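Colleague: Quick one: structure below, then a few questions.
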Amino acid sequence: MGQEIKPADAKLSHTTALILQAVDAGFVYGFSIMEMTGLPSGTVYPAMRRLERDDLIRSHWERQSIADAEQRPPRKYYKITSAGRGTLEVTRKRYPLLEKLIPSEEESSV
Amino acid sequence: MKSPLEPLLRLFNLSLLCGSSMLVPAKQRTEWGREWRAELWHVRRTCTPMHSISWCAEREVTAFCLGAFKDALCLRRQGGQMRMRAVPQGSAAQCILLLAITMAACYIAALLLPGVRAERGLVAGRVNPGLVLIQEAGYNDTSTPTISPAQYRAWKGHKQQYFDGYAFYRVTRQPVDRDSTIPDSRAMPEWGVANASANLFWLLGLPLRFAEPDGLADDSTPKVILSEAMWTKEFGRDPHVTGTMLRVGTRLARIAGVAPNGLWKLPGKVDAWLLEPDPAIVSGGAGYVVAHLTEAGEAEMWTQCVHITAYKPDESEDDLLGISIEDYRPGPWVIYLFASLLAMLALPAITSVSLGEYSPSPQQTSWSRRLYRWSFLCVKIAMLLPIVYFASMDLGYAFITSYSNSSIYIQLVSTFLLCLFGLRWVLQDQRKRCPVCLRLVEHPARVGQASRTFLAWNGTELMCMDGHTLLHVPGMPTSWFDAQRWLYLDTSWEFLFAGSGAGLNGGVIP
């Protein structure tokens with residue numbers, strides 16, 4: 001008999017886990033994740049594509065009016081999904097230093 | 001104040017993004033480009049100083065842009081994987097698609113190869129029917145010319161019951177030069193020249209390129225027909241070559257046309273044909289005679305060869321052999337049919353022609369399913385045969401630009417081998433396809449032990465990934481289990497395969 005693999009069971013590499021942790025911590029666009037993690041663009045963006053493909057994060061475009069008000073182009077923001085949060089919980093057990101490297105928003109505020 | 005270099009640097013960064021966007025699948029390109037341009041705007045604002053150029057910062061920005069190539073490649077790979085998932089592995093559609101691609105590739109190669117083009121042109125311009133090549137009966141092959149011009153003139157001078165047209169040709173090496181004013185023939189290159197009757201091409205019915213509109217008769221000046229190879233080599237494929245004077249040996253002749261590659265299948269390697277009236281053909285060396293049969297002659301022509309008795313000028317008998325020119329050298333189609341037939345006869349020697357046992361299962365092997373299965377087999381064979389034809393032509397003429405014996409042999413052998421192993425693949429492939437969905441069965445598993453053959457079967461079990469069937473192939477054929485058998489799975493098994501499509505995503509581990 002077979003056993004179904006749930007998204008939460010998916011194993012992430014340390015780099016991908018770091019990026020997912022960064023998204024969860026409130027770094028919601030590619031460049032901010034690059035700055036936070038110190039990873040190059042050629043690593044961060046492909047990893048985010050894979051996370052989005054696996055429904056661990058999702059993206060949306062900023063409203064044009066907001067960008068116009070600040071006289072800049074609109075950005076694409078990323079947000080962690082519930083499945084992504086479940087995966088991150090499992091991944092944090094594998095990589096205990098993850099939260100110390102990038103503390104989540106609640107912990108930072110505390 | 002802004003640096004004048006800044007717009008150039010921006011342009012350079014944008015061009016990097018633009019170049020990398022070419023790797024992104026077209027559907028995602030616009031949004032992808034929009035995101036990267038927006039990010040680039042922010043990167044420039046954060047990294048570069050406002051009123052000056054920092055090369056260190058520019059290097060950072062460029063490194064950021066170069067990362068776009070990796071991102072684009074990642075998206076491209078994801079798109080490729082999605083497409084691969086859309087077409088189930090080993091499906092009938094995938095098989096037909098692969099065969100169609102192979103057939104198209106072989107056909108395109110056949111269109112491009114000059115040798116194949118020449119052969120196709122030859123098929124379009126076959127020789128006139130009812131022609132025979134006459135030679136002395138004592139010679140086994142046609143490589144030796146045996147008929148003297150005097151013999152030819154004697155036959156032509158008498159009314160014949162079985163022949164109503166003759167032409168003579170003799171191949172010799174002769175010095176030929178484009179410059180008709182050079183008196184010294186020793187300095188001229190030598191060509192294989194056929195001294196031929198003026199009506200040779202007319203009798204054979206072979207088409208010429210750039211032929212003079214007034215035909216090849218009626219003019220006392222000897223005329224030369226160039227082979228396409230010589231026309232290419234000496235005249236650079238000049239379309240206005242007709243009318244040019246050539247010195248052939250000691251005589252002047254005018255070019256009257258070009259014979260396309262592969263057209264000439266009669267004995268002798270010829271670079272040019274010197275067409276002249278029969279009395280002008282110098283006596284001496286032997287040559288070949290082409291004759292056209294009358295209706296009475298055709299009635300006597302039972303086989304490819306016919307024995308002819310002729311009378312010499314001194315009334316002695318001369319035994320001759322007439323060989324049908326149509327059958328003299330087989331065309332590619334004849335070779336293909338012959339080799340394919342041989343391959344079909346040899347097929348049982350290398351594989352079983354049985355497709356195995358399809359045990360009856362009324363709900364799963366309906367007439368429509370059986371028709372689908374047989375149609376698939378027929379389509380595969382129907383697609384294999386043209387593939388073999390074009391591939392064998394490609395192999396035969398890959399390095400040969402015109403008709404030759406070696407190309408015939410290569411085509412013969414390659415047709416036989418491709419047809420033989422191609423048909424074996426067709427049968428083997430069919431035997432491994434689920435009779436319900438025609439998908440290839442997978443995951444072979446050894447079942448049983450060879451030492452217990454008399455108590456239980458042993459062999460290999462394979463399964464259809466859509467959950468329709470299991471295939472049992474006996475490891476050792478026995479009187480009660482000699483051919484592969486299909487076991488149809490009922491609906492109670494469906495839950496096991498419910499996620500087989502998603503299994504590619506790692507959804508289900510069987």
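Numbering starts fresh at 1 for the residues of each chain in the structure tokens, the chains themselves are lettered A, B, ... in the order given, and ligands are numbered from 1 as they appear.
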Determine, counting only C-alpha atoms, which protein, DNA and RNA residues have an atom within 8 Å of an atom of Pro189 of chain B; residues of the same chain fewer than 2 positions away are not included. Present the result as a list in words.
Modeller: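 My reading of the contact set: Pro175, Val176, Asp177, Ala187 and Trp191 of chain B.
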Colleague: Mind dumping a table of every chain A residue within 12 Å of chain B, with the nearest atom pair and its distance in Å to one decimal, using only C-alpha atoms, sorted by chain and rising number, as JSON lines?
Modeller:
```
{"residue": "A:Met1", "atom": "CA", "partner": "B:Pro510", "partner_atom": "CA", "distance": 6.3}
{"residue": "A:Gly2", "atom": "CA", "partner": "B:Pro510", "partner_atom": "CA", "distance": 4.6}
{"residue": "A:Gln3", "atom": "CA", "partner": "B:Ile509", "partner_atom": "CA", "distance": 5.9}
{"residue": "A:Glu4", "atom": "CA", "partner": "B:Val508", "partner_atom": "CA", "distance": 5.1}
{"residue": "A:Ile5", "atom": "CA", "partner": "B:Gly507", "partner_atom": "CA", "distance": 5.5}
{"residue": "A:Lys6", "atom": "CA", "partner": "B:Gly507", "partner_atom": "CA", "distance": 7.7}
{"residue": "A:Pro7", "atom": "CA", "partner": "B:Gly507", "partner_atom": "CA", "distance": 9.2}
{"residue": "A:Asp9", "atom": "CA", "partner": "B:Gly506", "partner_atom": "CA", "distance": 11.0}
{"residue": "A:Ala10", "atom": "CA", "partner": "B:Gly506", "partner_atom": "CA", "distance": 9.5}
{"residue": "A:Lys11", "atom": "CA", "partner": "B:Gly506", "partner_atom": "CA", "distance": 11.9}
{"residue": "A:Tyr29", "atom": "CA", "partner": "B:Glu39", "partner_atom": "CA", "distance": 8.5}
{"residue": "A:Gly30", "atom": "CA", "partner": "B:Glu39", "partner_atom": "CA", "distance": 7.5}
{"residue": "A:Phe31", "atom": "CA", "partner": "B:Glu39", "partner_atom": "CA", "distance": 6.6}
{"residue": "A:Ser32", "atom": "CA", "partner": "B:Val43", "partner_atom": "CA", "distance": 9.6}
{"residue": "A:Ile33", "atom": "CA", "partner": "B:Glu39", "partner_atom": "CA", "distance": 11.7}
{"residue": "A:Met34", "atom": "CA", "partner": "B:Phe64", "partner_atom": "CA", "distance": 9.7}
{"residue": "A:Glu35", "atom": "CA", "partner": "B:Val43", "partner_atom": "CA", "distance": 10.2}
{"residue": "A:Leu39", "atom": "CA", "partner": "B:Phe64", "partner_atom": "CA", "distance": 10.5}
{"residue": "A:Pro40", "atom": "CA", "partner": "B:Phe64", "partner_atom": "CA", "distance": 7.0}
{"residue": "A:Ser41", "atom": "CA", "partner": "B:Gly67", "partner_atom": "CA", "distance": 4.9}
{"residue": "A:Gly42", "atom": "CA", "partner": "B:Gly67", "partner_atom": "CA", "distance": 3.6}
{"residue": "A:Thr43", "atom": "CA", "partner": "B:Gly67", "partner_atom": "CA", "distance": 7.4}
{"residue": "A:Val44", "atom": "CA", "partner": "B:Asp71", "partner_atom": "CA", "distance": 8.6}
{"residue": "A:Tyr45", "atom": "CA", "partner": "B:Asp71", "partner_atom": "CA", "distance": 5.9}
{"residue": "A:Pro46", "atom": "CA", "partner": "B:Asp71", "partner_atom": "CA", "distance": 4.7}
{"residue": "A:Ala47", "atom": "CA", "partner": "B:Asp71", "partner_atom": "CA", "distance": 8.5}
{"residue": "A:Met48", "atom": "CA", "partner": "B:Asp71", "partner_atom": "CA", "distance": 9.4}
{"residue": "A:Arg49", "atom": "CA", "partner": "B:Leu75", "partner_atom": "CA", "distance": 7.3}
{"residue": "A:Arg50", "atom": "CA", "partner": "B:Gln78", "partner_atom": "CA", "distance": 8.4}
{"residue": "A:Leu51", "atom": "CA", "partner": "B:Gln78", "partner_atom": "CA", "distance": 11.9}
{"residue": "A:Glu52", "atom": "CA", "partner": "B:Leu75", "partner_atom": "CA", "distance": 11.4}
{"residue": "A:Arg53", "atom": "CA", "partner": "B:Gln78", "partner_atom": "CA", "distance": 8.7}
{"residue": "A:Asp54", "atom": "CA", "partner": "B:Asn505", "partner_atom": "CA", "distance": 9.6}
{"residue": "A:Ser59", "atom": "CA", "partner": "B:Glu35", "partner_atom": "CA", "distance": 11.0}
{"residue": "A:His60", "atom": "CA", "partner": "B:Glu35", "partner_atom": "CA", "distance": 10.7}
{"residue": "A:Trp61", "atom": "CA", "partner": "B:Glu35", "partner_atom": "CA", "distance": 9.0}
{"residue": "A:Glu62", "atom": "CA", "partner": "B:Glu35", "partner_atom": "CA", "distance": 10.8}
{"residue": "A:Ala67", "atom": "CA", "partner": "B:Ala38", "partner_atom": "CA", "distance": 10.4}
{"residue": "A:Gln71", "atom": "CA", "partner": "B:Trp41", "partner_atom": "CA", "distance": 11.1}
{"residue": "A:Arg72", "atom": "CA", "partner": "B:Trp41", "partner_atom": "CA", "distance": 7.8}
{"residue": "A:Pro73", "atom": "CA", "partner": "B:Ala38", "partner_atom": "CA", "distance": 5.4}
{"residue": "A:Pro74", "atom": "CA", "partner": "B:Ala38", "partner_atom": "CA", "distance": 6.6}
{"residue": "A:Arg75", "atom": "CA", "partner": "B:Ala38", "partner_atom": "CA", "distance": 6.0}
{"residue": "A:Lys76", "atom": "CA", "partner": "B:Glu35", "partner_atom": "CA", "distance": 6.2}
{"residue": "A:Tyr77", "atom": "CA", "partner": "B:Glu35", "partner_atom": "CA", "distance": 9.6}
{"residue": "A:Tyr78", "atom": "CA", "partner": "B:Glu35", "partner_atom": "CA", "distance": 11.7}
```
Colleague: Kindly indicate which residue among B:Leu9, B:Leu23, B:Leu293, B:Ala343 lies nearest to Thr48 of chain B, using only C-alpha atoms for the distances.
Modeller: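 Residue with the minimum atom-to-atom distance to Thr48 of chain B: B:Leu9.
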Colleague: Using DSSP on the backbone coordinates, identify the residues of chain A assigned to helix (DSSP H, G or I); present them as a PyMOL selection string.
Modeller: chain A and resi 7-9+14-24+30-37+41-53+64-69+82-94+98-101+105-109
Colleague: Quick one: residues within 12 Å of segment 99-102 of chain A, only C-alpha atoms, excluding same-chain residues fewer than 6 positions away - as a list in words?
Modeller: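 In the requested format, the answer is His14, Thr15, Ala17, Leu18, Ile19, Leu20, Gln21, Ala22, Val23, Asp24, Ala25, Gly26, Phe27, Ile33, Glu35, Met36, Thr37, Gly38, Leu88, Glu89, Thr91, Arg92, Lys93 and Ser108 of chain A.
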Colleague: Please determine, counting only C-alpha atoms, which residue among B:Ser91, B:Glu58, B:Leu275, B:Trp480 has the shortest atom-to-atom distance to Glu442 of chain B.
Modeller: B:Ser91
